[in-house]
Amino acid sequence: MVVLIHGLGSNTEKTWDKFPMLLAENSEIAKRYSTITSFSYETSKTGQTCSLTTISTEFANWLQAEVQKSHIDEIVFVTHSQGGLLARRYLCNELIKKSNLATHTPIFRLLTFATPHWGAYSENASSFLPDSWQQQKNLAYDSEFILSLNKDWAITDAEYIVRVKRVAGGDDKIVPEFSSTGANYNHDYVVIPGHGHVGFVKISDTSHPAFEIAKEFLLEETSEQPLLVNPDRTPPVLSCGRVKNDQIQGNARFLYVNRYIPLLGRDDEKTQLEKFLFSPAEDNVVWMFVKGQGGIGKSRLALELCMSIYTDWHAGFLDRYADTPDWARWQPYLPTLLVIDNAITDIAKLSRLLQGLCNRDEERRLRRPVRILLLDRPHQEDKLQVAFGHDPIATRVKECRAPDIDINKTADPWGIIEHFMFRMHKPIPEKVKIIDQLTRIDPEKRPLFAMLLADAIGQNEKVETLTQKVLLENVIREDREKYWRPAAKEHGVSLAKMERLLTVATLVNGLAANNVVDPIEEWDRDSAGPVFKIMSGYDEQSDTIAPLIPDFLGECFALESFKSFNKEELKKILTLAWHQWGRNTFAFFNRVVDDFPNDTYIDDAIEAVLFENVGKDAWSNWAVNLIAKTGFQHSARAERAYEKLALLAATHPWLIRELAQASCNMIRILGVEKLDAAINIFEDLCRLVRKHSTELEISALPKDAQYSSLPYFAQAAERRKFELWPYIGKAAKNLMIAFVLAKQSSAAKNVYKDLCSFSAVYAGQAEVSLIQALAARDLIGILHHVIDRVIIMHVFRELCMLADRSPSLPYIRFIQVDVALNYIFANDDEPEIRFIQAKAAVDAIPNLAYTDPEAAKTIFINLTEMARAYPDEEDIYVYHQLGIMSVTNLFRTIDPAFALAVSNEYGESHKEVIFHYLCGKRSP
């Protein structure tokens with residue numbers, strides 16, 4: 001059966017004209033469908049009408065009577081405009097009544113023409129219509145009918161049970177295209193140019209495109225779409241907290257969530273995010289890593305994206321403490337944007353999310369778009385790799401990754417300062433002077449510090465004396481006197497005690513009453529709760545103190561507040577934090593290392609007593625980062641952290657990888673000044689690796705060590721070993737550089753020789769080969785002015801052979817190109833070197849053309865100069881011609897003027913040269 005349904009203010013004849021007759025006269029359609037009929041109902045464009053809900057009930061009764069007349073195997077609804085909404089409402093009602101519509105006959109299909117699936121006009125416009133015009137009011141974007149229909153359509157998964165095709169008119173001035181194509185659904189739609197709304201399906205012959213579309217749809221082979229296998233419909237807990245502007249006070253004005261001032265200067269990033277959000281994805285899931293320093297505006301940028309799609313998507317920041325769905329089975333009701341702030345903090349949870357969403361078969365395929373935005377600081381790629389798991393899962397996760405966004409300094413932070421001063425009702429200061437002071441305080445000119453500086457100017461502070469820490473301390477001091485102290489006095493509690501508790505809450509990212517153990521003090525919910533609510537936030541339901549944010553402010557407050565604890569108290573607090581809240585304590589001190597690397601309380605974090613495995617694991621990860629990030633500036637601190645890590649690893653084998661990482665960094669840090677100590681660490685590392693051979697059994701890992709960053713078994717228990725040998729290579733490379741800087745060339749050459757032998761033994765190990773390539777580059781780069789050219793060329797030739805042996809590792813070829821172009825200089829009697837350089841140049845041009853076009857042009861110009869300088873060298877000549885071809889083709893779209901200039905200078909001669917070269921007549 002085919003059922004045609006007309007739209008608002010029309011009837012069957014006015015809407016369809018000859019459409020039903022033409023369908024019935026088509027022999028193929030008539031053979032398949034015994035009945036072609038239409039449904040009419042009372043409607044008016046400008047008069048009283050009953051609701052579409054009522055009409056859908058009438059339609060259900062009418063259809064039931066029609067179906068009872070004969071056995072119907074299949075019903076296809078062909079609808080125009082409002083008629084499509086009636087059909088969808090009926091289908092939703094049937095799906096709600098029956099547990100699985102697809103297992104019942106008849107099979108339903110739906111073809112809609114110009115249907116306002118998401119409404120036709122704004123709710124504001126419909127508010128001017130009389131209440132009796134119910135159908136007309138039902139068509140508003142935010143009408144109860146539209147919202148309810150789309151919610152039920154999602155909940156019942158109708159889009160994947162009913163075969164649907166949507167058709168839009170290119171010139172439709174009544175129903176917007178996003179609505180007629182189904183917006184968030186639009187799996188199958190067509191836009192017909194040159195057709196409006198009213199006469200869209202009023203056709204008189206079979207040449208009309210609407211008829212062709214209908215015929216093709218009607219004659220499709222019917223097949224029941226695959227149903228979901230045991231889906232988890234639990235919606236994740238997402239937040240986009242908003243505070244009314246008149247409620248913002250104290251440090252809340254610096255919180256991104258309160259949107260105290262507009263987001264400025266991020267147009268490029270917003271464009272990238274919109275593309276990420278709306279670009280189609282093969283498996284309906286895409287994720288992106290947005291990285292940037294603290295205070296740069298990552299969270300605010302993500303919040304603005306969430307707010308821009310709030311009405312159509314389930315979007316917000318994922319609550320890391322709330323229950324989450326089973327990501328491997330999860331099916332969202334609506335398109336969903338998951339924002340995960342400080343994403344790398346809990347790598348195990350992130351791993352379950354990414355692997356569960358990206359690794360789907362057809363039966364579990366996501367039915368609606370899902371986008372995942374990971375926010376964190378830079379230099380986290382190695383930890384992020386852990387979340388990918390192992391092939392083939394890791395490959396699936398990587399395939400779903402969109403290009404990262406690296407948020408850099410704000411080009412012009414003046415607008416931020418202006419808006420902040422305006423909100424404070426303060427006069428605008430002199431621009432040049434203030435921007436100079438901001439650059440002195442924070443060379444990155446981050447939005448947070450622009451706001452803090454504007455706030456200080458509003459408080460009449462002398463900008464010449466301000467530093468980052470002073471700005472933060474000023475805000476804390478002002479909030480303490482203006483808000484915290486009066487609140488504590490009003491509720492009869494000790495402010496000193498409240499601040500100590502807030503310090504712990506900030507350290508562990510939220511402190512719940514049921515987690516309080518000695519030495520943390522208890523608090524009374526009724527008296528302390530209102531005070532904490534003013535200080536940082538307080539969840540009365542869970543009796544939890546929120547941390548002080550933004551992160552910079554919280555870190556500054558906590559580090560200063562540590563002074564209120566005596567040495568023994570602080571040691572107990574930090575010990576408890578590492579063991580009970582290991583992940584969050586790791587995240588806090590990791591940020592402190594970035595933001596306040598010179599703070600003495602970092603030393604107290606090193607000295608914490610570690611007695612639980614989870615605490616040891618979290619602390620060890622942090623120690624590795626501490627050594628890598630601050631070791632050069634604080635070598636004594638790095639040595640203490642390394643010594644403690646070595647003691648832990650001696651009795652806890654699962655920490656050996658962390659010790660190996662730290663060993664590589666310590667060799668680099670100690671270098672020339674403590675070369676003997678560096679050699680000892682290298683020898684200890686070699687003994688350690690030999691002792692544990694090439695593998696470590698999973699059984700050695702304690703069951704409670706859930707935060708391990710060991711990539712080969714923390715996320716994939718089926719893998720039975722992890723490789724330690726690459727760390728020998730990294731350590732050897734660092735020791736080689738130390739010998740070079742100590743002017744012990746012979747020792748450096750011996751280490752490099754051993755490294756090459758080591759690489760040959762582990763020829764199948766990509767990481768080891770890469771280490772040799774990097775070592776060759778570093779050795780040549782450091783010594784190319786002072787060492788014998790014979791040695792330089794020997795090392796370079798070994799690098800070339802390594803690149804030839806490693807075709808699956810293109811980065812080694814890039815290293816070869818880099819060395820050839822930047823460190824190798826050929827004498828007149830060395831044509832072999834010029835050949836290598838010319839070949840490297842031709843290899844580099846296409847690789848750099850799109851990512852760094854200026855570098856590609858410079859390489860071509862250098863190649864041209866080489867060809868002119870040595871006109872008799874045929875190999876150089878041919879490679880120059882290849883370079884001409886590459887530039888004229890690639891730069892035609894990148895830089896047309898440059899491509900044209902090259903083409904005008906050299907014409908088409910390169911084509912003939914290359915032809916003969918390819919034919920072997922002139923082979924370099």
# chains A, B, ... in the order shown; residues from 1 in each chain; ligands from 1
call {"tool": "residues_around", "arguments": {"residues": "Arg640 in chain A", "least_positions_apart": "4", "cutoff": "12 Å", "atoms": "only C-alpha atoms", "output": "ChimeraX atom specification"}}
result
/A:602-607,623-624,626-627,631,634-636,644-647,662,666
call {"tool": "write_last_selection", "arguments": {"atoms": "C-alpha atoms", "output": "PDB file, in the first residue's frame"}}
result
ATOM      1  CA  ILE A 602      57.247  20.427  45.332  1.00  0.00           C
ATOM      2  CA  ASP A 603      60.042  19.040  47.511  1.00  0.00           C
ATOM      3  CA  ASP A 604      57.463  18.095  50.158  1.00  0.00           C
ATOM      4  CA  ALA A 605      55.513  16.177  47.535  1.00  0.00           C
ATOM      5  CA  ILE A 606      58.687  14.186  46.801  1.00  0.00           C
ATOM      6  CA  GLU A 607      59.107  13.276  50.447  1.00  0.00           C
ATOM      7  CA  ALA A 623      58.287  11.920  39.372  1.00  0.00           C
ATOM      8  CA  VAL A 624      59.060  11.088  35.726  1.00  0.00           C
ATOM      9  CA  LEU A 626      58.996  16.348  37.340  1.00  0.00           C
ATOM     10  CA  ILE A 627      62.459  15.198  36.270  1.00  0.00           C
ATOM     11  CA  GLY A 631      65.486  18.737  36.018  1.00  0.00           C
ATOM     12  CA  HIS A 634      66.513  21.982  39.758  1.00  0.00           C
ATOM     13  CA  SER A 635      68.996  19.149  39.330  1.00  0.00           C
ATOM     14  CA  ALA A 636      69.298  18.423  43.067  1.00  0.00           C
ATOM     15  CA  LYS A 644      63.358   7.543  45.518  1.00  0.00           C
ATOM     16  CA  LEU A 645      61.972   6.194  42.232  1.00  0.00           C
ATOM     17  CA  ALA A 646      64.941   3.787  41.944  1.00  0.00           C
ATOM     18  CA  LEU A 647      64.253   2.460  45.465  1.00  0.00           C
ATOM     19  CA  ALA A 662      63.596   8.797  34.337  1.00  0.00           C
ATOM     20  CA  MET A 666      68.659  12.067  34.208  1.00  0.00           C
TER      21      MET A 666
END
call {"tool": "residues_around", "arguments": {"residues": "range 746-757 of chain A", "least_positions_apart": "4", "cutoff": "6 Å", "atoms": "only C-alpha atoms", "output": "list in words"}}
result
Met736, Phe739 and Val740 of chain A
call {"tool": "write_last_selection", "arguments": {"atoms": "all heavy atoms", "output": "CSV table (one decimal), in the first residue's frame"}}
result
chain,number,residue,atom,x,y,z
A,736,MET,N,75.7,9.9,24.6
A,736,MET,CA,76.6,10.3,23.5
A,736,MET,C,76.7,11.8,23.4
A,736,MET,O,77.8,12.4,23.2
A,736,MET,CB,76.0,9.8,22.2
A,736,MET,CG,76.8,10.2,20.9
A,736,MET,SD,75.8,9.9,19.4
A,736,MET,CE,74.6,11.3,19.5
A,739,PHE,N,78.9,13.2,26.1
A,739,PHE,CA,80.3,13.0,25.8
A,739,PHE,C,80.8,14.1,24.8
A,739,PHE,O,81.9,14.6,24.9
A,739,PHE,CB,80.6,11.6,25.2
A,739,PHE,CG,80.7,10.5,26.2
A,739,PHE,CD1,80.0,9.4,26.1
A,739,PHE,CD2,81.6,10.7,27.3
A,739,PHE,CE1,80.2,8.3,27.0
A,739,PHE,CE2,81.7,9.7,28.2
A,739,PHE,CZ,81.0,8.5,28.1
A,740,VAL,N,79.9,14.4,23.8
A,740,VAL,CA,80.2,15.4,22.8
A,740,VAL,C,80.4,16.8,23.5
A,740,VAL,O,81.4,17.5,23.2
A,740,VAL,CB,79.1,15.5,21.7
A,740,VAL,CG1,79.3,16.7,20.9
A,740,VAL,CG2,79.1,14.2,20.9
call {"tool": "residues_around", "arguments": {"residues": "Thr506 in chain A", "least_positions_apart": "3", "cutoff": "6 Å", "atoms": "only C-alpha atoms", "output": "list in words"}}
result
Thr503, Asn509, Pro547 and Leu548 of chain A
call {"tool": "write_last_selection", "arguments": {"atoms": "all heavy atoms", "output": "PDB file, in the first residue's frame"}}
result
ATOM      1  N   THR A 503      41.960  23.808  51.026  1.00  0.00           N
ATOM      2  CA  THR A 503      43.274  23.440  50.483  1.00  0.00           C
ATOM      3  C   THR A 503      43.295  21.974  50.079  1.00  0.00           C
ATOM      4  O   THR A 503      43.743  21.614  48.982  1.00  0.00           O
ATOM      5  CB  THR A 503      44.370  23.710  51.535  1.00  0.00           C
ATOM      6  OG1 THR A 503      44.383  25.092  51.855  1.00  0.00           O
ATOM      7  CG2 THR A 503      45.735  23.285  51.007  1.00  0.00           C
ATOM      8  N   ASN A 509      40.959  17.701  44.117  1.00  0.00           N
ATOM      9  CA  ASN A 509      39.883  17.995  43.157  1.00  0.00           C
ATOM     10  C   ASN A 509      38.502  17.643  43.701  1.00  0.00           C
ATOM     11  O   ASN A 509      37.681  17.011  43.039  1.00  0.00           O
ATOM     12  CB  ASN A 509      40.117  17.269  41.834  1.00  0.00           C
ATOM     13  CG  ASN A 509      39.266  17.866  40.714  1.00  0.00           C
ATOM     14  OD1 ASN A 509      39.018  19.071  40.689  1.00  0.00           O
ATOM     15  ND2 ASN A 509      38.822  17.036  39.800  1.00  0.00           N
ATOM     16  N   PRO A 547      36.836  22.240  44.546  1.00  0.00           N
ATOM     17  CA  PRO A 547      38.171  22.850  44.543  1.00  0.00           C
ATOM     18  C   PRO A 547      38.084  24.316  44.145  1.00  0.00           C
ATOM     19  O   PRO A 547      37.127  24.739  43.482  1.00  0.00           O
ATOM     20  CB  PRO A 547      38.917  22.031  43.483  1.00  0.00           C
ATOM     21  CG  PRO A 547      37.844  21.559  42.553  1.00  0.00           C
ATOM     22  CD  PRO A 547      36.638  21.310  43.421  1.00  0.00           C
ATOM     23  N   LEU A 548      39.080  25.084  44.531  1.00  0.00           N
ATOM     24  CA  LEU A 548      39.152  26.479  44.121  1.00  0.00           C
ATOM     25  C   LEU A 548      39.689  26.544  42.701  1.00  0.00           C
ATOM     26  O   LEU A 548      40.745  25.971  42.396  1.00  0.00           O
ATOM     27  CB  LEU A 548      40.069  27.262  45.068  1.00  0.00           C
ATOM     28  CG  LEU A 548      40.123  28.782  44.850  1.00  0.00           C
ATOM     29  CD1 LEU A 548      38.766  29.415  45.124  1.00  0.00           C
ATOM     30  CD2 LEU A 548      41.185  29.414  45.754  1.00  0.00           C
TER      31      LEU A 548
END
call {"tool": "select_by_dssp", "arguments": {"residues": "range 163-356 of chain A", "states": "strand (DSSP E or B)", "output": "MDAnalysis selection string"}}
result
chainID A and resid 163:169 189:192 203 232 238:239 285:291 314:318 330 336:340
call {"tool": "closest_residue", "arguments": {"among": "A:Leu110, A:Ala841, A:Ala513, A:Val504", "to": "Thr585 in chain A", "atoms": "only C-alpha atoms"}}
result
A:Val504
call {"tool": "atom_distance", "arguments": {"atom1": "CA of Asp406 in chain A", "atom2": "CA of Ala281 in chain A"}}
result
22.1 Å
call {"tool": "residues_around", "arguments": {"residues": "Val67 in chain A", "least_positions_apart": "3", "cutoff": "12 Å", "atoms": "only C-alpha atoms", "output": "MDAnalysis selection string"}}
result
chainID A and resid 1:3 34:35 37 60:64 70:75 105:106
call {"tool": "residues_around", "arguments": {"residues": "Leu848 in chain A", "least_positions_apart": "3", "cutoff": "12 Å", "atoms": "only C-alpha atoms", "output": "number ranges by chain"}}
result
A: 814, 817-818, 841-845, 851-860, 886-887, 890-891, 894
call {"tool": "residues_around", "arguments": {"residues": "Gln380 in chain A", "least_positions_apart": "2", "cutoff": "10 Å", "atoms": "only C-alpha atoms", "output": "PyMOL selection string"}}
result
chain A and resi 289+291+343-344+376-378+382-385
call {"tool": "write_last_selection", "arguments": {"atoms": "N, CA and C atoms", "output": "PDB file, in the first residue's frame"}}
result
ATOM      1  N   PHE A 289      41.853  16.485  20.028  1.00  0.00           N
ATOM      2  CA  PHE A 289      42.642  16.899  21.194  1.00  0.00           C
ATOM      3  C   PHE A 289      42.908  18.404  21.071  1.00  0.00           C
ATOM      4  N   LYS A 291      44.785  21.365  22.862  1.00  0.00           N
ATOM      5  CA  LYS A 291      45.840  21.503  23.862  1.00  0.00           C
ATOM      6  C   LYS A 291      46.296  22.951  23.976  1.00  0.00           C
ATOM      7  N   ALA A 343      41.780  15.830  30.328  1.00  0.00           N
ATOM      8  CA  ALA A 343      41.423  14.501  29.825  1.00  0.00           C
ATOM      9  C   ALA A 343      42.429  13.421  30.199  1.00  0.00           C
ATOM     10  N   ILE A 344      43.702  13.778  30.310  1.00  0.00           N
ATOM     11  CA  ILE A 344      44.731  12.760  30.512  1.00  0.00           C
ATOM     12  C   ILE A 344      44.832  12.348  31.972  1.00  0.00           C
ATOM     13  N   ASP A 376      43.453  19.422  27.365  1.00  0.00           N
ATOM     14  CA  ASP A 376      44.541  19.237  28.321  1.00  0.00           C
ATOM     15  C   ASP A 376      45.728  20.096  27.893  1.00  0.00           C
ATOM     16  N   ARG A 377      46.747  20.041  28.705  1.00  0.00           N
ATOM     17  CA  ARG A 377      47.948  20.826  28.428  1.00  0.00           C
ATOM     18  C   ARG A 377      48.807  20.126  27.376  1.00  0.00           C
ATOM     19  N   PRO A 378      49.776  20.850  26.785  1.00  0.00           N
ATOM     20  CA  PRO A 378      50.597  20.240  25.720  1.00  0.00           C
ATOM     21  C   PRO A 378      51.493  19.128  26.262  1.00  0.00           C
ATOM     22  N   ASP A 382      52.379  11.206  24.497  1.00  0.00           N
ATOM     23  CA  ASP A 382      52.816   9.870  24.880  1.00  0.00           C
ATOM     24  C   ASP A 382      51.803   9.201  25.805  1.00  0.00           C
ATOM     25  N   LYS A 383      51.220   9.995  26.714  1.00  0.00           N
ATOM     26  CA  LYS A 383      50.204   9.432  27.615  1.00  0.00           C
ATOM     27  C   LYS A 383      48.907   9.157  26.853  1.00  0.00           C
ATOM     28  N   LEU A 384      48.593  10.027  25.897  1.00  0.00           N
ATOM     29  CA  LEU A 384      47.380   9.840  25.112  1.00  0.00           C
ATOM     30  C   LEU A 384      47.449   8.538  24.315  1.00  0.00           C
ATOM     31  N   GLN A 385      48.641   8.185  23.852  1.00  0.00           N
ATOM     32  CA  GLN A 385      48.809   6.961  23.076  1.00  0.00           C
ATOM     33  C   GLN A 385      48.397   5.734  23.884  1.00  0.00           C
TER      34      GLN A 385
END
call {"tool": "residues_around", "arguments": {"residues": "Gln331 in chain A", "least_positions_apart": "4", "cutoff": "10 Å", "atoms": "only C-alpha atoms", "output": "number ranges by chain"}}
result
A: 155, 157, 228, 230-235, 325-327, 335-336, 357, 364-368, 370
call {"tool": "write_last_selection", "arguments": {"atoms": "N, CA and C atoms", "output": "mmCIF file, in the first residue's frame"}}
result
data_model
loop_
_atom_site.group_PDB
_atom_site.id
_atom_site.type_symbol
_atom_site.label_atom_id
_atom_site.label_comp_id
_atom_site.auth_asym_id
_atom_site.auth_seq_id
_atom_site.Cartn_x
_atom_site.Cartn_y
_atom_site.Cartn_z
ATOM 1 N N ILE A 155 14.075 8.279 20.925
ATOM 2 C CA ILE A 155 13.967 7.247 21.961
ATOM 3 C C ILE A 155 13.593 5.896 21.351
ATOM 4 N N ASP A 157 14.240 4.949 18.382
ATOM 5 C CA ASP A 157 15.218 4.589 17.349
ATOM 6 C C ASP A 157 14.543 4.391 15.997
ATOM 7 N N LEU A 228 19.758 -2.778 16.959
ATOM 8 C CA LEU A 228 20.855 -2.657 17.909
ATOM 9 C C LEU A 228 20.918 -3.877 18.818
ATOM 10 N N ASN A 230 21.477 -5.085 22.260
ATOM 11 C CA ASN A 230 21.509 -4.765 23.688
ATOM 12 C C ASN A 230 22.099 -3.374 23.952
ATOM 13 N N PRO A 231 21.525 -2.311 23.412
ATOM 14 C CA PRO A 231 22.120 -0.981 23.582
ATOM 15 C C PRO A 231 21.984 -0.458 25.007
ATOM 16 N N ASP A 232 22.954 0.343 25.414
ATOM 17 C CA ASP A 232 22.894 1.040 26.702
ATOM 18 C C ASP A 232 22.423 2.465 26.409
ATOM 19 N N ARG A 233 21.259 2.821 26.904
ATOM 20 C CA ARG A 233 20.673 4.134 26.621
ATOM 21 C C ARG A 233 20.965 5.152 27.728
ATOM 22 N N THR A 234 21.790 4.802 28.697
ATOM 23 C CA THR A 234 22.058 5.706 29.818
ATOM 24 C C THR A 234 22.693 6.997 29.315
ATOM 25 N N PRO A 235 22.051 8.139 29.525
ATOM 26 C CA PRO A 235 22.670 9.393 29.069
ATOM 27 C C PRO A 235 23.835 9.774 29.981
ATOM 28 N N PRO A 325 27.805 5.452 31.046
ATOM 29 C CA PRO A 325 27.261 4.267 30.364
ATOM 30 C C PRO A 325 28.370 3.293 29.995
ATOM 31 N N ASP A 326 27.982 2.121 29.571
ATOM 32 C CA ASP A 326 28.929 1.188 28.983
ATOM 33 C C ASP A 326 29.219 1.702 27.573
ATOM 34 N N TRP A 327 30.374 2.346 27.416
ATOM 35 C CA TRP A 327 30.652 3.062 26.161
ATOM 36 C C TRP A 327 30.638 2.123 24.956
ATOM 37 N N PRO A 335 22.257 13.682 18.884
ATOM 38 C CA PRO A 335 23.665 13.956 18.608
ATOM 39 C C PRO A 335 24.332 14.479 19.883
ATOM 40 N N THR A 336 25.527 14.018 20.162
ATOM 41 C CA THR A 336 26.137 14.280 21.468
ATOM 42 C C THR A 336 27.559 14.786 21.318
ATOM 43 N N LEU A 357 33.823 3.681 21.968
ATOM 44 C CA LEU A 357 33.077 4.419 20.954
ATOM 45 C C LEU A 357 33.648 4.251 19.552
ATOM 46 N N ARG A 364 26.627 -2.630 16.346
ATOM 47 C CA ARG A 364 26.728 -1.691 17.462
ATOM 48 C C ARG A 364 27.086 -0.285 16.984
ATOM 49 N N ARG A 365 26.996 -0.069 15.707
ATOM 50 C CA ARG A 365 27.375 1.225 15.147
ATOM 51 C C ARG A 365 26.568 2.357 15.777
ATOM 52 N N LEU A 366 27.234 3.455 16.067
ATOM 53 C CA LEU A 366 26.541 4.606 16.649
ATOM 54 C C LEU A 366 25.493 5.122 15.675
ATOM 55 N N ARG A 367 24.283 5.317 16.171
ATOM 56 C CA ARG A 367 23.177 5.719 15.313
ATOM 57 C C ARG A 367 23.073 7.231 15.154
ATOM 58 N N ARG A 368 23.751 7.966 15.992
ATOM 59 C CA ARG A 368 23.737 9.424 15.895
ATOM 60 C C ARG A 368 25.147 9.976 16.061
ATOM 61 N N VAL A 370 28.444 11.453 17.319
ATOM 62 C CA VAL A 370 29.088 11.659 18.616
ATOM 63 C C VAL A 370 30.439 12.324 18.361
#
call {"tool": "closest_atom_pairs", "arguments": {"of": "range 456-545 of chain A", "to": "range 416-421 of chain A", "cutoff": "12 Å", "atoms": "only C-alpha atoms", "output": "Markdown table"}}
result
| residue | atom | partner | partner_atom | distance |
| --- | --- | --- | --- | --- |
| A:Ala456 | CA | A:Met421 | CA | 10.1 |
| A:Ile457 | CA | A:Met421 | CA | 8.4 |
| A:Gly458 | CA | A:Met421 | CA | 6.9 |
| A:Gln459 | CA | A:Met421 | CA | 10.6 |
| A:Asn460 | CA | A:Met421 | CA | 11.9 |
call {"tool": "write_last_selection", "arguments": {"atoms": "all heavy atoms", "output": "mmCIF file, in the first residue's frame"}}
result
data_model
loop_
_atom_site.group_PDB
_atom_site.id
_atom_site.type_symbol
_atom_site.label_atom_id
_atom_site.label_comp_id
_atom_site.auth_asym_id
_atom_site.auth_seq_id
_atom_site.Cartn_x
_atom_site.Cartn_y
_atom_site.Cartn_z
ATOM 1 N N ALA A 456 43.380 44.059 38.612
ATOM 2 C CA ALA A 456 44.341 44.768 39.467
ATOM 3 C C ALA A 456 44.344 46.263 39.161
ATOM 4 O O ALA A 456 44.425 47.099 40.073
ATOM 5 C CB ALA A 456 45.735 44.185 39.273
ATOM 6 N N ILE A 457 44.235 46.605 37.885
ATOM 7 C CA ILE A 457 44.175 48.032 37.504
ATOM 8 C C ILE A 457 42.923 48.657 38.098
ATOM 9 O O ILE A 457 42.953 49.790 38.609
ATOM 10 C CB ILE A 457 44.196 48.173 35.967
ATOM 11 C CG1 ILE A 457 45.528 47.678 35.405
ATOM 12 C CG2 ILE A 457 43.947 49.620 35.552
ATOM 13 C CD1 ILE A 457 45.536 47.537 33.891
ATOM 14 N N GLY A 458 41.815 47.915 38.036
ATOM 15 C CA GLY A 458 40.568 48.408 38.625
ATOM 16 C C GLY A 458 40.661 48.594 40.126
ATOM 17 O O GLY A 458 39.934 49.407 40.714
ATOM 18 N N GLN A 459 41.580 47.848 40.782
ATOM 19 C CA GLN A 459 41.786 47.978 42.230
ATOM 20 C C GLN A 459 42.896 48.985 42.552
ATOM 21 O O GLN A 459 43.367 49.053 43.698
ATOM 22 C CB GLN A 459 42.170 46.615 42.826
ATOM 23 C CG GLN A 459 41.185 45.492 42.558
ATOM 24 C CD GLN A 459 39.841 45.718 43.216
ATOM 25 O OE1 GLN A 459 39.735 46.435 44.196
ATOM 26 N NE2 GLN A 459 38.797 45.120 42.645
ATOM 27 N N ASN A 460 43.342 49.724 41.502
ATOM 28 C CA ASN A 460 44.359 50.776 41.656
ATOM 29 C C ASN A 460 45.721 50.235 42.073
ATOM 30 O O ASN A 460 46.493 50.908 42.775
ATOM 31 C CB ASN A 460 43.893 51.837 42.666
ATOM 32 C CG ASN A 460 42.619 52.531 42.231
ATOM 33 O OD1 ASN A 460 42.469 52.893 41.049
ATOM 34 N ND2 ASN A 460 41.671 52.691 43.135
#
call {"tool": "select_by_dssp", "arguments": {"residues": "range 435-681 of chain A", "states": "helix (DSSP H, G or I)", "output": "NGL selection string"}}
result
:A and (435-441 or 447-458 or 463-465 or 468-491 or 495-507 or 513-515 or 525-535 or 551-564 or 567-580 or 582-595 or 601-606 or 613-630 or 635-651 or 653-670 or 675-681)
call {"tool": "atom_distance", "arguments": {"atom1": "CA of Arg423 in chain A", "atom2": "CA of Leu448 in chain A"}}
result
15.5 Å
call {"tool": "atom_distance", "arguments": {"atom1": "CA of Val463 in chain A", "atom2": "CA of Lys431 in chain A"}}
result
12.9 Å
